[in-house]
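Source file: data_18.cif; contents: mmCIF, C-alpha atoms (C1' of nucleotides).
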data_input
#
loop_
_atom_site.group_PDB
_atom_site.id
_atom_site.type_symbol
_atom_site.label_atom_id
_atom_site.label_comp_id
_atom_site.auth_asym_id
_atom_site.auth_seq_id
_atom_site.Cartn_x
_atom_site.Cartn_y
_atom_site.Cartn_z
ATOM 1 C CA MET A 24 208.374 262.744 163.156
ATOM 2 C CA GLY A 25 208.545 266.275 164.520
ATOM 3 C CA THR A 26 209.747 267.619 167.771
ATOM 4 C CA LEU A 27 207.651 270.709 168.328
ATOM 5 C CA THR A 28 204.680 270.771 170.670
ATOM 6 C CA VAL A 29 201.470 272.679 170.055
ATOM 7 C CA GLY A 30 202.642 275.456 172.318
ATOM 8 C CA GLU A 31 205.952 275.814 170.532
ATOM 9 C CA VAL A 32 204.337 275.994 167.118
ATOM 10 C CA ALA A 33 201.853 278.470 168.514
ATOM 11 C CA ARG A 34 204.617 280.754 169.748
ATOM 12 C CA GLU A 35 206.606 280.405 166.555
ATOM 13 C CA SER A 36 203.678 281.140 164.313
ATOM 14 C CA GLY A 37 201.964 283.740 166.427
ATOM 15 C CA VAL A 38 198.614 282.024 166.779
ATOM 16 C CA SER A 39 197.000 280.434 169.813
ATOM 17 C CA GLY A 40 197.306 276.787 170.725
ATOM 18 C CA SER A 41 193.654 276.210 170.036
ATOM 19 C CA ALA A 42 194.159 277.668 166.582
ATOM 20 C CA VAL A 43 197.057 275.296 165.978
ATOM 21 C CA ARG A 44 194.850 272.344 166.868
ATOM 22 C CA PHE A 45 192.087 273.785 164.727
ATOM 23 C CA TYR A 46 194.428 274.082 161.759
ATOM 24 C CA GLU A 47 195.513 270.504 162.188
ATOM 25 C CA ARG A 48 191.900 269.324 162.256
ATOM 26 C CA GLN A 49 191.328 271.330 159.102
ATOM 27 C CA GLY A 50 194.311 269.780 157.398
ATOM 28 C CA LEU A 51 196.406 272.917 157.028
ATOM 29 C CA ILE A 52 199.197 271.244 158.949
ATOM 30 C CA THR A 53 199.962 267.675 159.967
ATOM 31 C CA ALA A 54 201.390 266.283 163.171
ATOM 32 C CA GLY A 55 202.919 263.088 164.460
ATOM 33 C CA ARG A 56 202.016 261.715 167.847
ATOM 34 C CA THR A 57 204.088 260.732 170.836
ATOM 35 C CA GLY A 58 203.489 257.460 172.677
ATOM 36 C CA GLY A 59 201.313 259.497 175.013
ATOM 37 C CA ASN A 60 199.220 260.800 172.120
ATOM 38 C CA GLN A 61 200.568 264.307 172.129
ATOM 39 C CA ARG A 62 201.071 266.162 168.853
ATOM 40 C CA ARG A 63 204.590 266.721 167.598
ATOM 41 C CA PHE A 64 205.107 269.039 164.625
ATOM 42 C CA ASP A 65 207.900 269.508 162.158
ATOM 43 C CA SER A 66 209.255 272.988 161.930
ATOM 44 C CA ASP A 67 207.530 273.550 158.596
ATOM 45 C CA ALA A 68 204.246 273.687 160.495
ATOM 46 C CA ALA A 69 204.914 277.197 161.737
ATOM 47 C CA CYS A 70 205.864 278.193 158.215
ATOM 48 C CA ARG A 71 202.639 276.857 156.795
ATOM 49 C CA ILE A 72 200.664 278.703 159.427
ATOM 50 C CA ARG A 73 202.420 281.924 158.519
ATOM 51 C CA VAL A 74 201.524 281.383 154.912
ATOM 52 C CA ALA A 75 197.952 280.731 155.992
ATOM 53 C CA ARG A 76 197.851 284.041 157.836
ATOM 54 C CA VAL A 77 199.014 285.900 154.769
ATOM 55 C CA ALA A 78 196.346 284.143 152.759
ATOM 56 C CA GLN A 79 193.768 285.228 155.324
ATOM 57 C CA ARG A 80 194.789 288.837 154.896
ATOM 58 C CA VAL A 81 193.995 288.376 151.238
ATOM 59 C CA GLY A 82 190.557 287.103 152.191
ATOM 60 C CA LEU A 83 190.854 283.366 151.686
ATOM 61 C CA THR A 84 188.882 281.050 153.935
ATOM 62 C CA VAL A 85 190.441 278.192 155.834
ATOM 63 C CA ASN A 86 188.996 275.868 153.229
ATOM 64 C CA ASP A 87 190.606 277.782 150.417
ATOM 65 C CA ILE A 88 193.846 277.765 152.318
ATOM 66 C CA ARG A 89 193.712 274.018 152.847
ATOM 67 C CA ASP A 90 193.525 273.587 149.107
ATOM 68 C CA LEU A 91 196.275 276.105 148.603
ATOM 69 C CA LEU A 92 198.568 274.389 151.070
ATOM 70 C CA ALA A 93 197.719 270.970 149.713
ATOM 71 C CA ALA A 94 199.768 271.963 146.683
ATOM 72 C CA LEU A 95 202.721 272.796 148.895
ATOM 73 C CA PRO A 96 205.026 269.809 149.542
ATOM 74 C CA PRO A 97 206.693 269.342 152.937
ATOM 75 C CA ASP A 98 209.909 270.737 151.549
ATOM 76 C CA PRO A 99 208.851 273.272 148.942
ATOM 77 C CA GLN A 100 210.968 274.134 145.941
ATOM 78 C CA PRO A 101 211.165 277.621 144.469
ATOM 79 C CA ALA A 102 208.571 276.689 141.856
ATOM 80 C CA ASP A 103 206.149 275.707 144.616
ATOM 81 C CA TRP A 104 206.641 279.034 146.295
ATOM 82 C CA GLN A 105 206.142 280.773 143.021
ATOM 83 C CA GLY A 106 202.842 278.997 142.488
ATOM 84 C CA LEU A 107 201.576 280.009 145.901
ATOM 85 C CA HIS A 108 202.782 283.487 145.330
ATOM 86 C CA ASP A 109 200.943 283.741 142.028
ATOM 87 C CA ARG A 110 197.720 282.420 143.415
ATOM 88 C CA LEU A 111 197.762 284.806 146.342
ATOM 89 C CA THR A 112 198.587 287.715 144.110
ATOM 90 C CA ALA A 113 195.824 286.883 141.680
ATOM 91 C CA GLU A 114 193.327 286.590 144.493
ATOM 92 C CA ALA A 115 194.325 289.880 146.054
ATOM 93 C CA GLU A 116 194.099 291.601 142.711
ATOM 94 C CA ARG A 117 190.692 290.141 142.094
ATOM 95 C CA ARG A 118 189.444 291.526 145.369
ATOM 96 C CA ILE A 119 190.947 294.876 144.651
ATOM 97 C CA ARG A 120 189.167 294.919 141.315
ATOM 98 C CA ASP A 121 185.858 294.148 143.024
ATOM 99 C CA LEU A 122 186.348 297.019 145.410
ATOM 100 C CA HIS A 123 187.251 299.336 142.583
ATOM 101 C CA ALA A 124 184.082 298.312 140.803
ATOM 102 C CA ALA A 125 182.103 299.162 143.923
ATOM 103 C CA LEU A 126 183.906 302.476 144.159
ATOM 104 C CA ASP A 127 183.103 303.222 140.568
ATOM 105 C CA ASP A 128 179.453 302.506 141.167
ATOM 106 C CA ILE A 129 179.417 304.668 144.259
ATOM 107 C CA GLY A 130 181.083 307.472 142.411
ATOM 108 C CA SER A 131 179.018 307.095 139.297
ATOM 109 C CA GLY A 132 176.921 310.100 140.138
ATOM 110 C CA ARG A 133 173.806 308.004 140.365
ATOM 111 C CA ARG A 134 171.847 307.997 143.546
ATOM 112 C CA LEU A 135 172.963 305.153 145.820
ATOM 113 C CA CYS A 136 169.404 303.893 145.819
ATOM 114 C CA ASP A 137 169.520 303.191 142.159
ATOM 115 C CA LEU A 138 172.548 300.993 142.101
ATOM 116 C CA MET B 16 152.678 304.796 157.873
ATOM 117 C CA GLY B 17 153.797 302.932 154.769
ATOM 118 C CA THR B 18 151.941 300.927 152.262
ATOM 119 C CA LEU B 19 154.445 298.348 151.100
ATOM 120 C CA THR B 20 154.404 294.783 152.321
ATOM 121 C CA VAL B 21 157.472 292.679 153.036
ATOM 122 C CA GLY B 22 157.117 290.962 149.697
ATOM 123 C CA GLU B 23 156.908 294.224 147.803
ATOM 124 C CA VAL B 24 159.970 295.659 149.479
ATOM 125 C CA ALA B 25 161.754 292.379 148.853
ATOM 126 C CA ARG B 26 161.033 292.525 145.154
ATOM 127 C CA GLU B 27 161.888 296.186 144.903
ATOM 128 C CA SER B 28 165.168 295.806 146.698
ATOM 129 C CA GLY B 29 166.203 292.438 145.354
ATOM 130 C CA VAL B 30 166.560 290.625 148.650
ATOM 131 C CA SER B 31 164.444 287.853 150.133
ATOM 132 C CA GLY B 32 161.552 288.417 152.454
ATOM 133 C CA SER B 33 163.417 286.841 155.314
ATOM 134 C CA ALA B 34 166.231 289.292 154.691
ATOM 135 C CA VAL B 35 163.790 292.190 154.823
ATOM 136 C CA ARG B 36 162.528 290.999 158.184
ATOM 137 C CA PHE B 37 166.090 290.451 159.326
ATOM 138 C CA TYR B 38 167.031 293.990 158.333
ATOM 139 C CA GLU B 39 164.075 295.339 160.240
ATOM 140 C CA ARG B 40 165.075 293.368 163.346
ATOM 141 C CA GLN B 41 168.559 294.805 162.964
ATOM 142 C CA GLY B 42 167.263 298.329 162.683
ATOM 143 C CA LEU B 43 168.373 299.028 159.110
ATOM 144 C CA ILE B 44 164.805 299.821 158.163
ATOM 145 C CA THR B 45 161.655 300.553 160.123
ATOM 146 C CA ALA B 46 158.106 299.477 159.539
ATOM 147 C CA GLY B 47 154.646 300.389 160.711
ATOM 148 C CA ARG B 48 152.076 297.739 161.503
ATOM 149 C CA THR B 49 148.569 297.148 160.274
ATOM 150 C CA GLY B 50 145.749 296.331 162.648
ATOM 151 C CA GLY B 51 146.513 292.715 161.848
ATOM 152 C CA ASN B 52 150.166 293.103 162.892
ATOM 153 C CA GLN B 53 151.609 293.017 159.433
ATOM 154 C CA ARG B 54 154.587 295.171 158.486
ATOM 155 C CA ARG B 55 154.003 298.110 156.190
ATOM 156 C CA PHE B 56 157.018 299.950 154.821
ATOM 157 C CA ASP B 57 157.537 303.363 153.303
ATOM 158 C CA SER B 58 159.091 303.390 149.899
ATOM 159 C CA ASP B 59 162.401 304.584 151.311
ATOM 160 C CA ALA B 60 162.845 301.109 152.803
ATOM 161 C CA ALA B 61 163.825 299.586 149.484
ATOM 162 C CA CYS B 62 166.198 302.468 148.966
ATOM 163 C CA ARG B 63 167.851 301.922 152.312
ATOM 164 C CA ILE B 64 168.250 298.248 151.548
ATOM 165 C CA ARG B 65 169.896 299.071 148.256
ATOM 166 C CA VAL B 66 172.303 301.327 150.055
ATOM 167 C CA ALA B 67 172.943 298.530 152.514
ATOM 168 C CA ARG B 68 173.795 296.157 149.676
ATOM 169 C CA VAL B 69 176.281 298.581 148.273
ATOM 170 C CA ALA B 70 177.815 298.929 151.703
ATOM 171 C CA GLN B 71 178.074 295.155 151.924
ATOM 172 C CA ARG B 72 179.995 295.057 148.683
ATOM 173 C CA VAL B 73 182.430 297.413 150.347
ATOM 174 C CA GLY B 74 182.752 294.942 153.207
ATOM 175 C CA LEU B 75 180.692 296.559 155.939
ATOM 176 C CA THR B 76 178.801 294.336 158.343
ATOM 177 C CA VAL B 77 175.133 294.745 159.078
ATOM 178 C CA ASN B 78 176.114 296.378 162.335
ATOM 179 C CA ASP B 79 178.285 298.902 160.571
ATOM 180 C CA ILE B 80 175.480 299.543 158.138
ATOM 181 C CA ARG B 81 172.992 300.112 160.911
ATOM 182 C CA ASP B 82 175.212 302.878 162.223
ATOM 183 C CA LEU B 83 175.703 304.249 158.750
ATOM 184 C CA LEU B 84 171.988 304.344 158.035
ATOM 185 C CA ALA B 85 171.224 305.782 161.451
ATOM 186 C CA ALA B 86 172.752 308.976 160.118
ATOM 187 C CA LEU B 87 170.401 308.950 157.153
ATOM 188 C CA PRO B 88 167.100 310.727 157.827
ATOM 189 C CA PRO B 89 163.857 309.383 156.367
ATOM 190 C CA ASP B 90 163.984 312.008 153.662
ATOM 191 C CA PRO B 91 167.670 312.559 152.988
ATOM 192 C CA GLN B 92 169.065 315.821 151.717
ATOM 193 C CA PRO B 93 171.956 316.024 149.283
ATOM 194 C CA ALA B 94 174.346 316.610 152.169
ATOM 195 C CA ASP B 95 173.186 313.375 153.791
ATOM 196 C CA TRP B 96 173.851 311.471 150.607
ATOM 197 C CA GLN B 97 177.216 313.100 150.332
ATOM 198 C CA GLY B 98 178.112 311.970 153.853
ATOM 199 C CA LEU B 99 177.146 308.385 153.092
ATOM 200 C CA HIS B 100 178.992 308.541 149.860
ATOM 201 C CA ASP B 101 182.144 309.789 151.555
ATOM 202 C CA ARG B 102 182.044 307.165 154.243
ATOM 203 C CA LEU B 103 181.574 304.351 151.776
ATOM 204 C CA THR B 104 184.322 305.663 149.583
ATOM 205 C CA ALA B 105 186.716 305.999 152.489
ATOM 206 C CA GLU B 106 185.952 302.500 153.655
ATOM 207 C CA ALA B 107 186.447 300.987 150.212
ATOM 208 C CA GLU B 108 189.705 302.832 149.833
ATOM 209 C CA ARG B 109 190.889 301.636 153.205
ATOM 210 C CA ARG B 110 190.237 298.046 152.234
ATOM 211 C CA ILE B 111 191.988 298.516 148.960
ATOM 212 C CA ARG B 112 194.982 299.906 150.807
ATOM 213 C CA ASP B 113 195.015 296.870 153.111
ATOM 214 C CA LEU B 114 195.012 294.541 150.146
ATOM 215 C CA HIS B 115 197.761 296.505 148.487
ATOM 216 C CA ALA B 116 199.790 296.221 151.659
ATOM 217 C CA ALA B 117 199.299 292.463 151.599
ATOM 218 C CA LEU B 118 200.293 292.400 147.951
ATOM 219 C CA ASP B 119 203.404 294.369 148.727
ATOM 220 C CA ASP B 120 204.322 291.923 151.470
ATOM 221 C CA ILE B 121 203.714 288.980 149.187
ATOM 222 C CA GLY B 122 205.813 290.529 146.491
ATOM 223 C CA SER B 123 208.525 291.716 148.793
ATOM 224 C CA GLY B 124 210.843 288.953 147.737
ATOM 225 C CA ARG B 125 210.944 287.575 151.238
ATOM 226 C CA ARG B 126 209.872 284.037 151.786
ATOM 227 C CA LEU B 127 206.179 283.862 152.638
ATOM 228 C CA CYS B 128 207.126 282.073 155.827
ATOM 229 C CA ASP B 129 208.923 285.088 157.122
ATOM 230 C CA LEU B 130 206.138 287.567 156.822
ATOM 231 C "C1'" DC C 23 208.494 260.010 192.780
ATOM 232 C "C1'" DT C 24 205.828 263.867 192.739
ATOM 233 C "C1'" DA C 25 204.347 268.479 191.455
ATOM 234 C "C1'" DG C 26 203.267 271.383 187.884
ATOM 235 C "C1'" DG C 27 202.668 272.853 183.533
ATOM 236 C "C1'" DA C 28 201.554 271.418 178.983
ATOM 237 C "C1'" DC C 29 198.934 268.452 176.662
ATOM 238 C "C1'" DT C 30 194.526 265.464 175.213
ATOM 239 C "C1'" DT C 31 189.439 265.053 173.701
ATOM 240 C "C1'" DG C 32 184.811 266.444 172.757
ATOM 241 C "C1'" DA C 33 181.259 269.422 173.227
ATOM 242 C "C1'" DA C 34 179.506 273.660 173.441
ATOM 243 C "C1'" DG C 35 179.759 278.798 172.737
ATOM 244 C "C1'" DT C 36 180.399 283.030 169.762
ATOM 245 C "C1'" DA C 37 179.294 286.461 166.107
ATOM 246 C "C1'" DA C 38 177.655 287.378 161.474
ATOM 247 C "C1'" DT C 39 174.176 286.740 157.891
ATOM 248 C "C1'" DG C 40 170.756 285.027 156.787
ATOM 249 C "C1'" DG C 41 167.619 280.525 155.255
ATOM 250 C "C1'" DT C 42 163.978 277.181 156.479
ATOM 251 C "C1'" DG C 43 159.895 275.157 158.346
ATOM 252 C "C1'" DA C 44 155.821 274.868 161.303
ATOM 253 C "C1'" DA C 45 151.703 276.625 162.915
ATOM 254 C "C1'" DG C 46 148.832 280.033 162.812
ATOM 255 C "C1'" DT C 47 146.677 284.827 160.955
ATOM 256 C "C1'" DC C 48 145.286 288.313 157.550
ATOM 257 C "C1'" DA C 49 143.305 290.214 153.406
ATOM 258 C "C1'" DA C 50 141.440 290.247 148.913
ATOM 259 C "C1'" DT C 51 138.626 287.699 145.654
ATOM 260 C "C1'" DG C 52 134.993 284.868 143.567
ATOM 261 C "C1'" DC D 8 131.828 282.404 153.035
ATOM 262 C "C1'" DA D 9 135.640 279.931 151.604
ATOM 263 C "C1'" DT D 10 139.876 279.810 149.383
ATOM 264 C "C1'" DT D 11 144.402 281.303 148.562
ATOM 265 C "C1'" DG D 12 148.496 283.705 148.868
ATOM 266 C "C1'" DA D 13 151.055 286.600 151.727
ATOM 267 C "C1'" DC D 14 151.973 287.507 156.166
ATOM 268 C "C1'" DT D 15 153.209 286.532 161.436
ATOM 269 C "C1'" DT D 16 156.422 284.495 165.188
ATOM 270 C "C1'" DC D 17 159.568 281.277 166.887
ATOM 271 C "C1'" DA D 18 162.955 278.335 166.782
ATOM 272 C "C1'" DC D 19 166.351 275.799 164.703
ATOM 273 C "C1'" DC D 20 169.945 275.003 160.583
ATOM 274 C "C1'" DA D 21 174.279 276.366 158.125
ATOM 275 C "C1'" DT D 22 178.826 278.426 157.597
ATOM 276 C "C1'" DT D 23 183.417 280.544 159.231
ATOM 277 C "C1'" DA D 24 186.986 280.680 162.408
ATOM 278 C "C1'" DC D 25 187.974 280.028 166.305
ATOM 279 C "C1'" DT D 26 187.654 279.939 171.859
ATOM 280 C "C1'" DT D 27 186.448 277.989 176.109
ATOM 281 C "C1'" DC D 28 185.504 274.431 179.315
ATOM 282 C "C1'" DA D 29 185.822 270.141 181.881
ATOM 283 C "C1'" DA D 30 188.005 266.198 183.006
ATOM 284 C "C1'" DG D 31 191.580 263.663 182.395
ATOM 285 C "C1'" DT D 32 196.705 262.393 180.768
ATOM 286 C "C1'" DC D 33 201.599 263.293 179.799
ATOM 287 C "C1'" DC D 34 206.175 264.795 180.615
ATOM 288 C "C1'" DT D 35 209.969 266.956 182.782
ATOM 289 C "C1'" DA D 36 212.459 269.010 186.541
ATOM 290 C "C1'" DG D 37 213.688 268.633 191.163
#

This structure in C-alpha cells:
Amino acid sequence: MGTLTVGEVARESGVSGSAVRFYERQGLITAGRTGGNQRRFDSDAACRIRVARVAQRVGLTVNDIRDLLAALPPDPQPADWQGLHDRLTAEAERRIRDLHAALDDIGSGRRLCDL
Amino acid sequence: MGTLTVGEVARESGVSGSAVRFYERQGLITAGRTGGNQRRFDSDAACRIRVARVAQRVGLTVNDIRDLLAALPPDPQPADWQGLHDRLTAEAERRIRDLHAALDDIGSGRRLCDL
DNA sequence: CTAGGACTTGAAGTAATGGTGAAGTCAATG
DNA sequence: CATTGACTTCACCATTACTTCAAGTCCTAG
C-alpha cells in the first residue's frame, strides 16, 4: 500500500492530477485505496509516469505505453530497464526512418503532386 | 469552373470521397458548383491533395496544411513549389531532430525515471 | 470539532481526422 | 420516362489524450 496522494504524484511526475487519474484508469499505474476511498500510490508511480512521458515523446500512444509498462515489474531489474530502453529506441528509430523516407521523396526532384 | 466530380478527384488523389469533401470544408481545396449544387473541381485539386498527403507524412495537421496550401496559387510557379518544398523539408528535419533528442535522452545512461 | 483543501465519481467537453448512414437530388443512359 | 449510380447535407460515431464540472466526501490542522 502506497502513501502518496494523487496531488503528490502529480507534482513529482510533472503532470496534472486529472492526468494521474487518467493514467490509473488506463492501467499505466496502479493505486491502493484508503478507508475513505482515496487513491494512495507507491513512489514507483511517478517513475512510471516519467517513463510514459518519454515514450510519448517518441510517439507512442497511451495504449502502447500500457503494454510497454505491463512488462515492467513494480521493482524493475536492470534487464527490465534494458528491455524498455531497447523498445523505445527501436520505435524512435523507426519513426526517424519514416521521416527520412518522406524527406527523400520530397527531395527526389519529382513534383510534389506526383508522389 | 472545374469538371471533376468528388469521385474523380478521390480516385485521382487516392483518398475517399468523404475525405475530399472534408478537405474542401477545411479549405485545402476549392470547388465550383453545378446548377444542381454538385461540386466540380479543377484538376489541381488532386494535386493539392497529394501535396497534403505528403505533408501529413511529415506530421502536419490539416490546419497546418491549410496554411501551407494557402500560399500555393492555383497555378504554381517553380518558386512556389520551392517554398513548399523548403517548408516541408524544414518541418521534417525539425521532427527528426526532436526524435534524436529523445533518443539521446533515452541513451544518456540515466535512469528513464529521471528524465 | 470545524474549516479548508484535497480528494472522489461520472459525465460531458475538446480538437483532430475522418467514416458512416439516412434521406433526398442530379445526371446520363436505355 | 425510369433506372441507376454518383452526388448532396446533416448529424452522429470513433479514437486519442486529456480537462472540466458538479456535487459530494475525506482528512488534517488548529

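From atom C1' of C:DT30 back to atom CA of A:Arg62, the distance works out to 9.2 Å.
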
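Any residue of chain C with an atom within 12 Å of chain A counts; using all atoms listed in the file, that gives DG27, DA28, DC29, DT30 and DT31 of chain C.
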
ask   = In Å to one decimal, how far is atom C1' of C:DG41 from atom CA of B:Val66?
value = 21.9 Å

Evaluated on this file, the PyMOL selection byres ((chain A and resi 90) around 12) picks out some residues - which ones are they, written as a PDB file with C-alpha atoms, in the coordinates of the input?
ATOM      1  CA  GLN A  49     191.328 271.330 159.102  1.00  0.00           C
ATOM      2  CA  GLY A  50     194.311 269.780 157.398  1.00  0.00           C
ATOM      3  CA  LEU A  51     196.406 272.917 157.028  1.00  0.00           C
ATOM      4  CA  ILE A  52     199.197 271.244 158.949  1.00  0.00           C
ATOM      5  CA  ALA A  75     197.952 280.731 155.992  1.00  0.00           C
ATOM      6  CA  ALA A  78     196.346 284.143 152.759  1.00  0.00           C
ATOM      7  CA  LEU A  83     190.854 283.366 151.686  1.00  0.00           C
ATOM      8  CA  THR A  84     188.882 281.050 153.935  1.00  0.00           C
ATOM      9  CA  VAL A  85     190.441 278.192 155.834  1.00  0.00           C
ATOM     10  CA  ASN A  86     188.996 275.868 153.229  1.00  0.00           C
ATOM     11  CA  ASP A  87     190.606 277.782 150.417  1.00  0.00           C
ATOM     12  CA  ILE A  88     193.846 277.765 152.318  1.00  0.00           C
ATOM     13  CA  ARG A  89     193.712 274.018 152.847  1.00  0.00           C
ATOM     14  CA  LEU A  91     196.275 276.105 148.603  1.00  0.00           C
ATOM     15  CA  LEU A  92     198.568 274.389 151.070  1.00  0.00           C
ATOM     16  CA  ALA A  93     197.719 270.970 149.713  1.00  0.00           C
ATOM     17  CA  ALA A  94     199.768 271.963 146.683  1.00  0.00           C
ATOM     18  CA  LEU A  95     202.721 272.796 148.895  1.00  0.00           C
ATOM     19  CA  LEU A 107     201.576 280.009 145.901  1.00  0.00           C
ATOM     20  CA  ARG A 110     197.720 282.420 143.415  1.00  0.00           C
TER      21      ARG A 110
END

Proximity of chain D to chain A: per-residue shortest pair, 12 Å limit, all atoms listed in the file, as JSON lines:
{"residue": "D:DT22", "atom": "C1'", "partner": "A:Thr84", "partner_atom": "CA", "distance": 11.0}
{"residue": "D:DT23", "atom": "C1'", "partner": "A:Thr84", "partner_atom": "CA", "distance": 7.6}
{"residue": "D:DA24", "atom": "C1'", "partner": "A:Val85", "partner_atom": "CA", "distance": 7.8}
{"residue": "D:DC25", "atom": "C1'", "partner": "A:Ala42", "partner_atom": "CA", "distance": 6.6}
{"residue": "D:DT26", "atom": "C1'", "partner": "A:Ser41", "partner_atom": "CA", "distance": 7.3}
{"residue": "D:DT27", "atom": "C1'", "partner": "A:Ser41", "partner_atom": "CA", "distance": 9.6}
{"residue": "D:DT32", "atom": "C1'", "partner": "A:Gly59", "partner_atom": "CA", "distance": 7.9}
{"residue": "D:DC33", "atom": "C1'", "partner": "A:Gly59", "partner_atom": "CA", "distance": 6.1}
{"residue": "D:DC34", "atom": "C1'", "partner": "A:Gly59", "partner_atom": "CA", "distance": 9.1}
